[in-house]
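Reproduced below: coords_32.csv, with CSV, N, CA and C atoms and all ligand atoms.
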chain,number,residue,atom,x,y,z
A,1,MET,N,113.1,150.2,106.8
A,1,MET,CA,111.8,150.9,107.0
A,1,MET,C,110.9,150.9,105.8
A,2,PHE,N,109.7,150.6,105.9
A,2,PHE,CA,108.8,150.5,104.7
A,2,PHE,C,108.3,151.9,104.3
A,3,ASN,N,107.8,152.0,103.2
A,3,ASN,CA,107.4,153.3,102.6
A,3,ASN,C,105.9,153.2,102.1
A,4,VAL,N,105.1,154.3,102.5
A,4,VAL,CA,103.7,154.4,102.1
A,4,VAL,C,103.7,155.4,100.9
A,5,SER,N,103.2,155.0,99.7
A,5,SER,CA,103.3,155.8,98.5
A,5,SER,C,102.0,156.5,98.2
A,6,ARG,N,100.9,156.0,98.6
A,6,ARG,CA,99.6,156.7,98.2
A,6,ARG,C,98.5,156.0,98.9
A,7,VAL,N,97.3,156.6,98.8
A,7,VAL,CA,96.1,155.9,99.2
A,7,VAL,C,95.8,155.0,98.0
A,8,ASP,N,95.8,153.7,98.3
A,8,ASP,CA,95.7,152.7,97.2
A,8,ASP,C,94.2,152.7,96.8
A,9,HIS,N,93.3,152.5,97.8
A,9,HIS,CA,91.9,152.5,97.4
A,9,HIS,C,91.1,152.8,98.7
A,10,VAL,N,89.8,153.1,98.5
A,10,VAL,CA,88.8,153.2,99.5
A,10,VAL,C,87.8,152.1,99.3
A,11,GLY,N,87.6,151.3,100.4
A,11,GLY,CA,86.7,150.1,100.2
A,11,GLY,C,85.3,150.5,100.8
A,12,ILE,N,84.3,150.3,99.9
A,12,ILE,CA,82.9,150.7,100.2
A,12,ILE,C,82.1,149.4,100.2
A,13,ALA,N,81.4,149.2,101.4
A,13,ALA,CA,80.5,148.0,101.5
A,13,ALA,C,79.2,148.4,100.9
A,14,VAL,N,78.7,147.5,100.0
A,14,VAL,CA,77.4,147.7,99.3
A,14,VAL,C,76.6,146.5,99.4
A,15,ARG,N,75.2,146.7,99.4
A,15,ARG,CA,74.4,145.5,99.4
A,15,ARG,C,74.3,144.9,98.0
A,16,ASN,N,74.3,145.7,97.0
A,16,ASN,CA,74.1,145.2,95.6
A,16,ASN,C,75.2,145.8,94.7
A,17,LEU,N,76.1,145.0,94.3
A,17,LEU,CA,77.2,145.5,93.5
A,17,LEU,C,76.8,146.1,92.2
A,18,ALA,N,75.9,145.5,91.5
A,18,ALA,CA,75.5,145.9,90.2
A,18,ALA,C,74.8,147.3,90.3
A,19,GLU,N,73.9,147.5,91.3
A,19,GLU,CA,73.3,148.7,91.5
A,19,GLU,C,74.3,149.8,91.9
A,20,ALA,N,75.2,149.5,92.8
A,20,ALA,CA,76.2,150.5,93.2
A,20,ALA,C,77.1,150.9,92.1
A,21,LYS,N,77.4,150.0,91.2
A,21,LYS,CA,78.3,150.3,90.1
A,21,LYS,C,77.7,151.3,89.1
A,22,LYS,N,76.3,151.3,89.0
A,22,LYS,CA,75.6,152.2,88.1
A,22,LYS,C,75.9,153.6,88.5
A,23,PHE,N,76.0,153.9,89.8
A,23,PHE,CA,76.3,155.3,90.2
A,23,PHE,C,77.7,155.7,89.9
A,24,TYR,N,78.7,154.8,90.2
A,24,TYR,CA,80.1,155.2,90.0
A,24,TYR,C,80.4,155.3,88.5
A,25,THR,N,79.9,154.4,87.7
A,25,THR,CA,80.2,154.4,86.2
A,25,THR,C,79.2,155.4,85.5
A,26,GLY,N,77.9,155.3,85.8
A,26,GLY,CA,76.9,156.1,85.1
A,26,GLY,C,76.9,157.5,85.5
A,27,MET,N,77.0,157.8,86.8
A,27,MET,CA,76.9,159.2,87.2
A,27,MET,C,78.3,159.9,87.3
A,28,LEU,N,79.3,159.1,87.8
A,28,LEU,CA,80.6,159.7,87.9
A,28,LEU,C,81.5,159.5,86.7
A,29,GLY,N,81.1,158.5,85.9
A,29,GLY,CA,82.0,158.3,84.7
A,29,GLY,C,83.2,157.5,85.0
A,30,LEU,N,83.3,156.8,86.1
A,30,LEU,CA,84.5,156.0,86.4
A,30,LEU,C,84.4,154.7,85.5
A,31,ARG,N,85.6,154.2,85.2
A,31,ARG,CA,85.7,153.0,84.4
A,31,ARG,C,85.6,151.7,85.4
A,32,ASP,N,84.8,150.8,84.9
A,32,ASP,CA,84.7,149.5,85.6
A,32,ASP,C,85.9,148.7,85.4
A,33,GLY,N,86.7,148.5,86.4
A,33,GLY,CA,88.0,147.7,86.3
A,33,GLY,C,87.8,146.2,86.4
A,34,GLY,N,86.6,145.7,86.5
A,34,GLY,CA,86.3,144.3,86.5
A,34,GLY,C,86.0,143.8,87.9
A,35,GLU,N,85.3,142.6,87.9
A,35,GLU,CA,84.9,142.0,89.2
A,35,GLU,C,85.8,140.8,89.5
A,36,GLU,N,85.9,140.5,90.8
A,36,GLU,CA,86.6,139.3,91.2
A,36,GLU,C,85.9,138.8,92.5
A,37,VAL,N,85.8,137.5,92.7
A,37,VAL,CA,85.3,137.0,93.9
A,37,VAL,C,86.5,136.5,94.8
A,38,VAL,N,86.6,137.0,96.0
A,38,VAL,CA,87.7,136.6,96.9
A,38,VAL,C,87.0,135.7,97.9
A,39,GLU,N,87.2,134.4,97.7
A,39,GLU,CA,86.5,133.3,98.5
A,39,GLU,C,86.7,133.5,100.0
A,40,GLU,N,88.0,133.7,100.3
A,40,GLU,CA,88.5,133.7,101.7
A,40,GLU,C,87.7,134.8,102.5
A,41,GLN,N,87.4,135.9,101.8
A,41,GLN,CA,86.7,137.0,102.4
A,41,GLN,C,85.2,137.0,102.2
A,42,LYS,N,84.8,136.0,101.5
A,42,LYS,CA,83.3,135.9,101.1
A,42,LYS,C,82.8,137.2,100.5
A,43,VAL,N,83.5,137.6,99.5
A,43,VAL,CA,83.2,138.9,99.0
A,43,VAL,C,83.4,139.0,97.4
A,44,ARG,N,82.5,139.7,96.8
A,44,ARG,CA,82.7,140.0,95.4
A,44,ARG,C,83.1,141.5,95.3
A,45,VAL,N,84.2,141.7,94.6
A,45,VAL,CA,84.7,143.1,94.6
A,45,VAL,C,84.8,143.6,93.2
A,46,CYS,N,84.7,145.0,93.1
A,46,CYS,CA,84.9,145.6,91.8
A,46,CYS,C,85.7,146.8,92.0
A,47,PHE,N,86.8,146.9,91.3
A,47,PHE,CA,87.7,148.1,91.4
A,47,PHE,C,87.4,149.1,90.3
A,48,LEU,N,87.3,150.4,90.7
A,48,LEU,CA,87.0,151.4,89.7
A,48,LEU,C,88.2,152.5,89.8
A,49,PRO,N,89.1,152.4,88.9
A,49,PRO,CA,90.3,153.3,88.9
A,49,PRO,C,89.8,154.8,88.9
A,50,CYS,N,90.6,155.5,89.7
A,50,CYS,CA,90.2,156.9,90.0
A,50,CYS,C,91.5,157.7,90.2
A,51,GLY,N,92.1,158.2,89.1
A,51,GLY,CA,93.4,158.8,89.3
A,51,GLY,C,94.4,157.9,89.8
A,52,ASP,N,95.2,158.3,90.8
A,52,ASP,CA,96.2,157.5,91.4
A,52,ASP,C,95.7,156.4,92.3
A,53,SER,N,94.4,156.5,92.6
A,53,SER,CA,93.9,155.4,93.5
A,53,SER,C,92.6,154.9,92.9
A,54,GLU,N,91.9,154.1,93.7
A,54,GLU,CA,90.7,153.4,93.2
A,54,GLU,C,89.6,153.3,94.2
A,55,ILE,N,88.4,153.2,93.8
A,55,ILE,CA,87.3,152.9,94.6
A,55,ILE,C,87.1,151.3,94.6
A,56,GLU,N,87.0,150.7,95.7
A,56,GLU,CA,86.7,149.2,95.7
A,56,GLU,C,85.3,149.0,96.3
A,57,LEU,N,84.4,148.5,95.5
A,57,LEU,CA,83.1,148.2,95.9
A,57,LEU,C,83.1,146.7,96.4
A,58,LEU,N,82.5,146.5,97.6
A,58,LEU,CA,82.5,145.1,98.1
A,58,LEU,C,81.1,144.7,98.4
A,59,GLU,N,80.7,143.5,97.8
A,59,GLU,CA,79.4,142.9,98.1
A,59,GLU,C,79.6,141.6,98.7
A,60,SER,N,78.9,141.3,99.8
A,60,SER,CA,79.1,140.0,100.4
A,60,SER,C,78.5,138.8,99.6
A,61,THR,N,79.2,137.7,99.6
A,61,THR,CA,78.7,136.5,98.9
A,61,THR,C,78.0,135.6,99.9
A,62,SER,N,78.0,136.0,101.1
A,62,SER,CA,77.5,135.1,102.2
A,62,SER,C,76.9,135.9,103.3
A,63,ASP,N,75.9,135.4,104.0
A,63,ASP,CA,75.3,136.1,105.1
A,63,ASP,C,76.2,136.3,106.3
A,64,ASP,N,77.2,135.4,106.4
A,64,ASP,CA,78.1,135.5,107.6
A,64,ASP,C,79.5,136.0,107.3
A,65,GLY,N,79.6,136.6,106.1
A,65,GLY,CA,80.9,137.2,105.7
A,65,GLY,C,81.2,138.6,106.4
A,66,PRO,N,82.4,139.0,106.4
A,66,PRO,CA,82.7,140.3,107.1
A,66,PRO,C,82.0,141.5,106.5
A,67,ILE,N,81.7,141.5,105.2
A,67,ILE,CA,81.0,142.6,104.7
A,67,ILE,C,79.5,142.6,105.0
A,68,ALA,N,78.9,141.4,105.1
A,68,ALA,CA,77.5,141.3,105.5
A,68,ALA,C,77.4,141.7,106.9
A,69,LYS,N,78.3,141.3,107.8
A,69,LYS,CA,78.3,141.7,109.2
A,69,LYS,C,78.5,143.3,109.3
A,70,PHE,N,79.4,143.8,108.6
A,70,PHE,CA,79.6,145.3,108.6
A,70,PHE,C,78.3,146.0,108.3
A,71,ILE,N,77.6,145.6,107.2
A,71,ILE,CA,76.4,146.3,106.7
A,71,ILE,C,75.3,146.1,107.8
A,72,GLU,N,75.2,144.9,108.4
A,72,GLU,CA,74.2,144.6,109.4
A,72,GLU,C,74.4,145.6,110.6
A,73,LYS,N,75.6,145.9,110.9
A,73,LYS,CA,75.9,146.7,112.1
A,73,LYS,C,75.8,148.2,111.8
A,74,LYS,N,76.4,148.6,110.6
A,74,LYS,CA,76.6,150.0,110.4
A,74,LYS,C,75.9,150.5,109.1
A,75,GLY,N,75.4,149.6,108.3
A,75,GLY,CA,74.8,150.0,107.0
A,75,GLY,C,75.8,150.1,106.0
A,76,GLU,N,75.4,150.4,104.8
A,76,GLU,CA,76.4,150.6,103.7
A,76,GLU,C,77.3,151.8,103.9
A,77,GLY,N,78.5,151.7,103.3
A,77,GLY,CA,79.3,152.9,103.5
A,77,GLY,C,80.8,152.5,103.5
A,78,ILE,N,81.7,153.4,103.8
A,78,ILE,CA,83.1,153.2,103.8
A,78,ILE,C,83.5,152.2,104.8
A,79,GLN,N,84.1,151.1,104.4
A,79,GLN,CA,84.4,150.0,105.3
A,79,GLN,C,85.9,150.0,105.7
A,80,HIS,N,86.8,150.4,104.7
A,80,HIS,CA,88.2,150.5,105.0
A,80,HIS,C,88.9,151.4,104.0
A,81,ILE,N,90.1,151.8,104.5
A,81,ILE,CA,91.0,152.6,103.6
A,81,ILE,C,92.2,151.8,103.4
A,82,ALA,N,92.8,151.8,102.2
A,82,ALA,CA,94.0,151.0,102.0
A,82,ALA,C,95.1,151.9,101.5
A,83,LEU,N,96.3,151.7,102.2
A,83,LEU,CA,97.5,152.5,101.8
A,83,LEU,C,98.4,151.5,101.0
A,84,ARG,N,99.0,152.0,100.0
A,84,ARG,CA,100.0,151.2,99.2
A,84,ARG,C,101.3,151.3,99.9
A,85,VAL,N,101.9,150.1,100.2
A,85,VAL,CA,103.2,150.0,100.8
A,85,VAL,C,104.1,149.3,99.8
A,86,ASP,N,105.4,149.6,99.9
A,86,ASP,CA,106.4,149.0,99.0
A,86,ASP,C,106.8,147.6,99.4
A,87,ASN,N,106.7,147.3,100.7
A,87,ASN,CA,107.2,146.0,101.2
A,87,ASN,C,106.3,145.6,102.4
A,88,ILE,N,105.4,144.7,102.2
A,88,ILE,CA,104.4,144.4,103.2
A,88,ILE,C,104.9,143.7,104.4
A,89,GLU,N,105.9,142.8,104.2
A,89,GLU,CA,106.5,142.0,105.3
A,89,GLU,C,107.2,143.1,106.2
A,90,GLN,N,107.9,144.0,105.6
A,90,GLN,CA,108.6,145.0,106.4
A,90,GLN,C,107.6,145.9,107.1
A,91,ALA,N,106.5,146.2,106.5
A,91,ALA,CA,105.5,147.1,107.1
A,91,ALA,C,104.9,146.4,108.3
A,92,ILE,N,104.6,145.1,108.2
A,92,ILE,CA,104.0,144.4,109.3
A,92,ILE,C,105.0,144.3,110.5
A,93,ALA,N,106.2,144.0,110.1
A,93,ALA,CA,107.3,143.8,111.2
A,93,ALA,C,107.5,145.2,111.9
A,94,ASP,N,107.6,146.3,111.1
A,94,ASP,CA,107.9,147.6,111.7
A,94,ASP,C,106.8,148.0,112.6
A,95,LEU,N,105.5,147.8,112.1
A,95,LEU,CA,104.4,148.3,112.9
A,95,LEU,C,104.3,147.5,114.2
A,96,LYS,N,104.5,146.2,114.0
A,96,LYS,CA,104.4,145.3,115.3
A,96,LYS,C,105.5,145.8,116.3
A,97,ALA,N,106.6,146.1,115.8
A,97,ALA,CA,107.7,146.5,116.6
A,97,ALA,C,107.4,147.8,117.3
A,98,ARG,N,106.5,148.6,116.7
A,98,ARG,CA,106.1,149.9,117.3
A,98,ARG,C,104.9,149.7,118.2
A,99,GLY,N,104.4,148.5,118.4
A,99,GLY,CA,103.3,148.2,119.2
A,99,GLY,C,102.0,148.4,118.6
A,100,VAL,N,101.9,148.5,117.3
A,100,VAL,CA,100.7,148.6,116.5
A,100,VAL,C,100.0,147.2,116.5
A,101,ARG,N,98.7,147.1,116.7
A,101,ARG,CA,98.0,145.8,116.7
A,101,ARG,C,97.6,145.5,115.3
A,102,MET,N,98.0,144.4,114.8
A,102,MET,CA,97.7,143.9,113.5
A,102,MET,C,96.6,142.9,113.5
A,103,ILE,N,95.6,142.9,112.6
A,103,ILE,CA,94.7,141.8,112.4
A,103,ILE,C,95.4,140.7,111.7
A,104,ASP,N,96.2,141.0,110.7
A,104,ASP,CA,96.9,140.0,109.9
A,104,ASP,C,98.4,140.2,110.2
A,105,GLU,N,99.0,139.1,110.7
A,105,GLU,CA,100.5,139.2,111.0
A,105,GLU,C,101.3,138.6,109.9
A,106,THR,N,100.6,138.0,108.9
A,106,THR,CA,101.2,137.6,107.7
A,106,THR,C,100.3,138.0,106.5
A,107,PRO,N,100.9,138.4,105.4
A,107,PRO,CA,100.2,138.9,104.3
A,107,PRO,C,99.2,137.9,103.8
A,108,ARG,N,98.0,138.3,103.3
A,108,ARG,CA,97.1,137.4,102.7
A,108,ARG,C,96.8,137.9,101.3
A,109,TYR,N,96.1,137.1,100.5
A,109,TYR,CA,95.7,137.4,99.1
A,109,TYR,C,94.7,138.5,99.1
A,110,GLY,N,94.9,139.5,98.3
A,110,GLY,CA,93.9,140.5,98.0
A,110,GLY,C,93.5,140.5,96.5
A,111,ALA,N,92.3,141.1,96.2
A,111,ALA,CA,91.9,141.2,94.8
A,111,ALA,C,93.0,141.8,93.9
A,112,GLY,N,93.0,141.3,92.7
A,112,GLY,CA,93.9,141.9,91.7
A,112,GLY,C,95.4,141.4,92.0
A,113,GLY,N,95.6,140.4,92.8
A,113,GLY,CA,96.9,139.9,93.0
A,113,GLY,C,97.7,140.7,94.0
A,114,ALA,N,97.0,141.6,94.7
A,114,ALA,CA,97.7,142.3,95.8
A,114,ALA,C,98.0,141.4,97.0
A,115,ARG,N,99.0,141.8,97.8
A,115,ARG,CA,99.2,141.1,99.1
A,115,ARG,C,98.9,142.2,100.1
A,116,ILE,N,98.0,141.8,101.0
A,116,ILE,CA,97.4,142.7,101.9
A,116,ILE,C,97.5,142.3,103.4
A,117,ALA,N,97.3,143.2,104.3
A,117,ALA,CA,97.2,142.9,105.7
A,117,ALA,C,96.4,144.1,106.3
A,118,PHE,N,95.5,143.7,107.3
A,118,PHE,CA,94.7,144.7,107.9
A,118,PHE,C,95.3,145.1,109.3
A,119,VAL,N,95.2,146.4,109.6
A,119,VAL,CA,95.7,146.9,110.9
A,119,VAL,C,94.4,147.0,111.7
A,120,HIS,N,94.5,146.7,113.0
A,120,HIS,CA,93.3,146.7,113.9
A,120,HIS,C,92.9,148.1,114.2
A,121,PRO,N,91.5,148.4,114.1
A,121,PRO,CA,91.0,149.7,114.3
A,121,PRO,C,91.4,150.3,115.7
A,122,LYS,N,91.7,149.4,116.7
A,122,LYS,CA,92.1,149.9,118.0
A,122,LYS,C,93.4,150.7,117.9
A,123,SER,N,94.2,150.4,116.9
A,123,SER,CA,95.5,151.1,116.8
A,123,SER,C,95.4,152.3,115.8
A,124,THR,N,94.3,152.5,115.1
A,124,THR,CA,94.2,153.5,114.1
A,124,THR,C,93.2,154.6,114.4
A,125,GLY,N,92.7,154.6,115.6
A,125,GLY,CA,91.7,155.6,115.8
A,125,GLY,C,90.3,155.3,115.3
A,126,GLY,N,90.1,154.0,115.1
A,126,GLY,CA,88.7,153.5,114.7
A,126,GLY,C,88.6,153.2,113.2
A,127,ILE,N,89.6,153.4,112.4
A,127,ILE,CA,89.5,153.1,111.0
A,127,ILE,C,90.1,151.7,110.7
A,128,LEU,N,89.4,150.9,109.9
A,128,LEU,CA,90.0,149.6,109.5
A,128,LEU,C,90.9,150.0,108.3
A,129,LEU,N,92.2,149.8,108.6
A,129,LEU,CA,93.2,150.2,107.6
A,129,LEU,C,93.8,148.9,107.0
A,130,GLU,N,93.9,149.0,105.6
A,130,GLU,CA,94.5,147.9,104.9
A,130,GLU,C,95.8,148.4,104.3
A,131,LEU,N,96.8,147.5,104.5
A,131,LEU,CA,98.1,147.8,103.8
A,131,LEU,C,98.1,146.9,102.5
A,132,SER,N,98.5,147.5,101.4
A,132,SER,CA,98.4,146.8,100.2
A,132,SER,C,99.7,146.9,99.4
A,133,GLU,N,100.3,145.8,99.1
A,133,GLU,CA,101.5,145.8,98.2
A,133,GLU,C,101.1,145.2,96.9
A,134,ARG,N,101.2,146.0,95.8
A,134,ARG,CA,101.0,145.4,94.5
A,134,ARG,C,101.9,146.2,93.5
A,135,HIS,N,102.2,145.6,92.5
A,135,HIS,CA,103.2,146.2,91.5
A,135,HIS,C,102.5,146.3,90.2
A,136,SER,N,101.5,147.2,90.1
A,136,SER,CA,100.9,147.4,88.8
A,136,SER,C,100.4,148.8,88.7
B,201,ZN,ZN,90.5,146.8,100.1

Here is the file; what I need is its structure written in the form of structure tokens.
Ligand code: ZN
Amino acid sequence: MFNVSRVDHVGIAVRNLAEAKKFYTGMLGLRDGGEEVVEEQKVRVCFLPCGDSEIELLESTSDDGPIAKFIEKKGEGIQHIALRVDNIEQAIADLKARGVRMIDETPRYGAGGARIAFVHPKSTGGILLELSERHS
């Protein structure tokens, strides 16, 4: 059985990463953990460490990416919540066995070298839930 250890991060969809960062660093005093483009997701992300977890700001790099579509439908705001798991393959297998609907049935690459998988909102009460395994 897999283990959930913490809220890994909260993913927030923003139109303009540089502008959004000003609030989190300038007003809240969070540290800018650096940017990375994840081509597969058509997204530029910035992690801002915040105690045991992090804020992940996501800016779309394309008009047809998932973040662009999210903002078009719902506006800027919380897009997903990520839980840290110790073994992502085990987590996917256990959840599937319990009838949970997965978006990703195999782990994919996440920013910062994490291995991630999304759980379908139909199984979570409407939340897009990311499972994240990383060892840092
Ligand atoms: Zn995320």

Dump as a ChimeraX atom specification all residues having an atom at most 12 Å from (85.1, 143.2, 107.8), computed in the file's coordinates with only C-alpha atoms. /A:11-13,40-43,58-60,64-74,78-81,103,118-121,127-130

Taking into account only C-alpha atoms and all ligand atoms, which residue in the set A:Val14, A:Asp8, A:Gly75, A:Glu89 is nearest to ligand ZN 201 (chain B)?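 Looking at the shortest contact to ligand ZN 201 (chain B), the residue is A:Asp8.
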
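For the set A:Gly125, A:Gly51, A:Gly26, A:Gly112, the residue with the smallest atom-to-atom gap to ligand ZN 201 (chain B) is A:Gly112, counting only C-alpha atoms and all ligand atoms.
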
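Between ligand ZN 201 (chain B) and the residues A:Ala91, A:Leu131, A:Met102, A:Val4, the shortest atom-to-atom distance, using only C-alpha atoms and all ligand atoms, involves A:Leu131.
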
Write out as a PyMOL selection string the residues lying within 8 Å of A:Leu30, counting only C-alpha atoms and excluding same-chain residues fewer than 5 positions away. chain A and resi 24-25+48-50

Write out as an MDAnalysis selection string which residues come within 9 Å of A:Val7 when counting only C-alpha atoms, dropping same-chain ones fewer than 2 positions away. chainID A and resid 4:5 9:10 52:54 81:84

I need the residues of stretch 54-107 of chain A that end up classed as helix (DSSP H, G or I) by DSSP on the backbone, written out as a PDB file with N, CA and C atoms, keeping the file's coordinate frame.
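Writing the result to result-v4.pdb gives the following:
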ATOM      1  N   PRO A  66      82.400 139.000 106.400  1.00  0.00           N
ATOM      2  CA  PRO A  66      82.700 140.300 107.100  1.00  0.00           C
ATOM      3  C   PRO A  66      82.000 141.500 106.500  1.00  0.00           C
ATOM      4  N   ILE A  67      81.700 141.500 105.200  1.00  0.00           N
ATOM      5  CA  ILE A  67      81.000 142.600 104.700  1.00  0.00           C
ATOM      6  C   ILE A  67      79.500 142.600 105.000  1.00  0.00           C
ATOM      7  N   ALA A  68      78.900 141.400 105.100  1.00  0.00           N
ATOM      8  CA  ALA A  68      77.500 141.300 105.500  1.00  0.00           C
ATOM      9  C   ALA A  68      77.400 141.700 106.900  1.00  0.00           C
ATOM     10  N   LYS A  69      78.300 141.300 107.800  1.00  0.00           N
ATOM     11  CA  LYS A  69      78.300 141.700 109.200  1.00  0.00           C
ATOM     12  C   LYS A  69      78.500 143.300 109.300  1.00  0.00           C
ATOM     13  N   PHE A  70      79.400 143.800 108.600  1.00  0.00           N
ATOM     14  CA  PHE A  70      79.600 145.300 108.600  1.00  0.00           C
ATOM     15  C   PHE A  70      78.300 146.000 108.300  1.00  0.00           C
ATOM     16  N   ILE A  71      77.600 145.600 107.200  1.00  0.00           N
ATOM     17  CA  ILE A  71      76.400 146.300 106.700  1.00  0.00           C
ATOM     18  C   ILE A  71      75.300 146.100 107.800  1.00  0.00           C
ATOM     19  N   GLU A  72      75.200 144.900 108.400  1.00  0.00           N
ATOM     20  CA  GLU A  72      74.200 144.600 109.400  1.00  0.00           C
ATOM     21  C   GLU A  72      74.400 145.600 110.600  1.00  0.00           C
ATOM     22  N   LYS A  73      75.600 145.900 110.900  1.00  0.00           N
ATOM     23  CA  LYS A  73      75.900 146.700 112.100  1.00  0.00           C
ATOM     24  C   LYS A  73      75.800 148.200 111.800  1.00  0.00           C
ATOM     25  N   LYS A  74      76.400 148.600 110.600  1.00  0.00           N
ATOM     26  CA  LYS A  74      76.600 150.000 110.400  1.00  0.00           C
ATOM     27  C   LYS A  74      75.900 150.500 109.100  1.00  0.00           C
ATOM     28  N   ILE A  88     105.400 144.700 102.200  1.00  0.00           N
ATOM     29  CA  ILE A  88     104.400 144.400 103.200  1.00  0.00           C
ATOM     30  C   ILE A  88     104.900 143.700 104.400  1.00  0.00           C
ATOM     31  N   GLU A  89     105.900 142.800 104.200  1.00  0.00           N
ATOM     32  CA  GLU A  89     106.500 142.000 105.300  1.00  0.00           C
ATOM     33  C   GLU A  89     107.200 143.100 106.200  1.00  0.00           C
ATOM     34  N   GLN A  90     107.900 144.000 105.600  1.00  0.00           N
ATOM     35  CA  GLN A  90     108.600 145.000 106.400  1.00  0.00           C
ATOM     36  C   GLN A  90     107.600 145.900 107.100  1.00  0.00           C
ATOM     37  N   ALA A  91     106.500 146.200 106.500  1.00  0.00           N
ATOM     38  CA  ALA A  91     105.500 147.100 107.100  1.00  0.00           C
ATOM     39  C   ALA A  91     104.900 146.400 108.300  1.00  0.00           C
ATOM     40  N   ILE A  92     104.600 145.100 108.200  1.00  0.00           N
ATOM     41  CA  ILE A  92     104.000 144.400 109.300  1.00  0.00           C
ATOM     42  C   ILE A  92     105.000 144.300 110.500  1.00  0.00           C
ATOM     43  N   ALA A  93     106.200 144.000 110.100  1.00  0.00           N
ATOM     44  CA  ALA A  93     107.300 143.800 111.200  1.00  0.00           C
ATOM     45  C   ALA A  93     107.500 145.200 111.900  1.00  0.00           C
ATOM     46  N   ASP A  94     107.600 146.300 111.100  1.00  0.00           N
ATOM     47  CA  ASP A  94     107.900 147.600 111.700  1.00  0.00           C
ATOM     48  C   ASP A  94     106.800 148.000 112.600  1.00  0.00           C
ATOM     49  N   LEU A  95     105.500 147.800 112.100  1.00  0.00           N
ATOM     50  CA  LEU A  95     104.400 148.300 112.900  1.00  0.00           C
ATOM     51  C   LEU A  95     104.300 147.500 114.200  1.00  0.00           C
ATOM     52  N   LYS A  96     104.500 146.200 114.000  1.00  0.00           N
ATOM     53  CA  LYS A  96     104.400 145.300 115.300  1.00  0.00           C
ATOM     54  C   LYS A  96     105.500 145.800 116.300  1.00  0.00           C
ATOM     55  N   ALA A  97     106.600 146.100 115.800  1.00  0.00           N
ATOM     56  CA  ALA A  97     107.700 146.500 116.600  1.00  0.00           C
ATOM     57  C   ALA A  97     107.400 147.800 117.300  1.00  0.00           C
TER      58      ALA A  97
END

Can you pull out every residue from chain A that DSSP, working from the backbone, puts in strand (DSSP E or B), and format the result as a ChimeraX atom specification? /A:4-13,35-38,43-50,53-60,77-85,102,108-110,114-119,129-133

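Here atom CA of A:Ala97 stands at a distance of 25.5 Å from atom CA of A:His135.
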
Could you check how far atom N of A:Gly110 sits from atom CA of A:Cys46, in Å to one decimal?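 Between atom N of A:Gly110 and atom CA of A:Cys46 the gap is 13.4 Å.
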
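In this structure, atom CA of A:Arg44 sits 12.4 Å away from atom CA of A:Lys21.
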
Residues within 7 Å of A:Arg108, please, as a ChimeraX atom specification. Count only C-alpha atoms; anything in the same chain fewer than 5 positions from it doesn't count. /A:115-117

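Near A:Phe47, within 6 Å and counting all atoms listed in the file, sit Arg31, Asp32, Gly33, Gly34, Glu35, Ile55, Glu56 and Leu57 of chain A, not including residues fewer than 3 positions from it in the same chain.
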
With all atoms listed in the file counted, which protein, DNA or RNA residues have an atom no more than 8 Å from (109.1, 151.7, 97.8) in the file frame? Please answer as a PyMOL selection string. chain A and resi 2-5+85-87
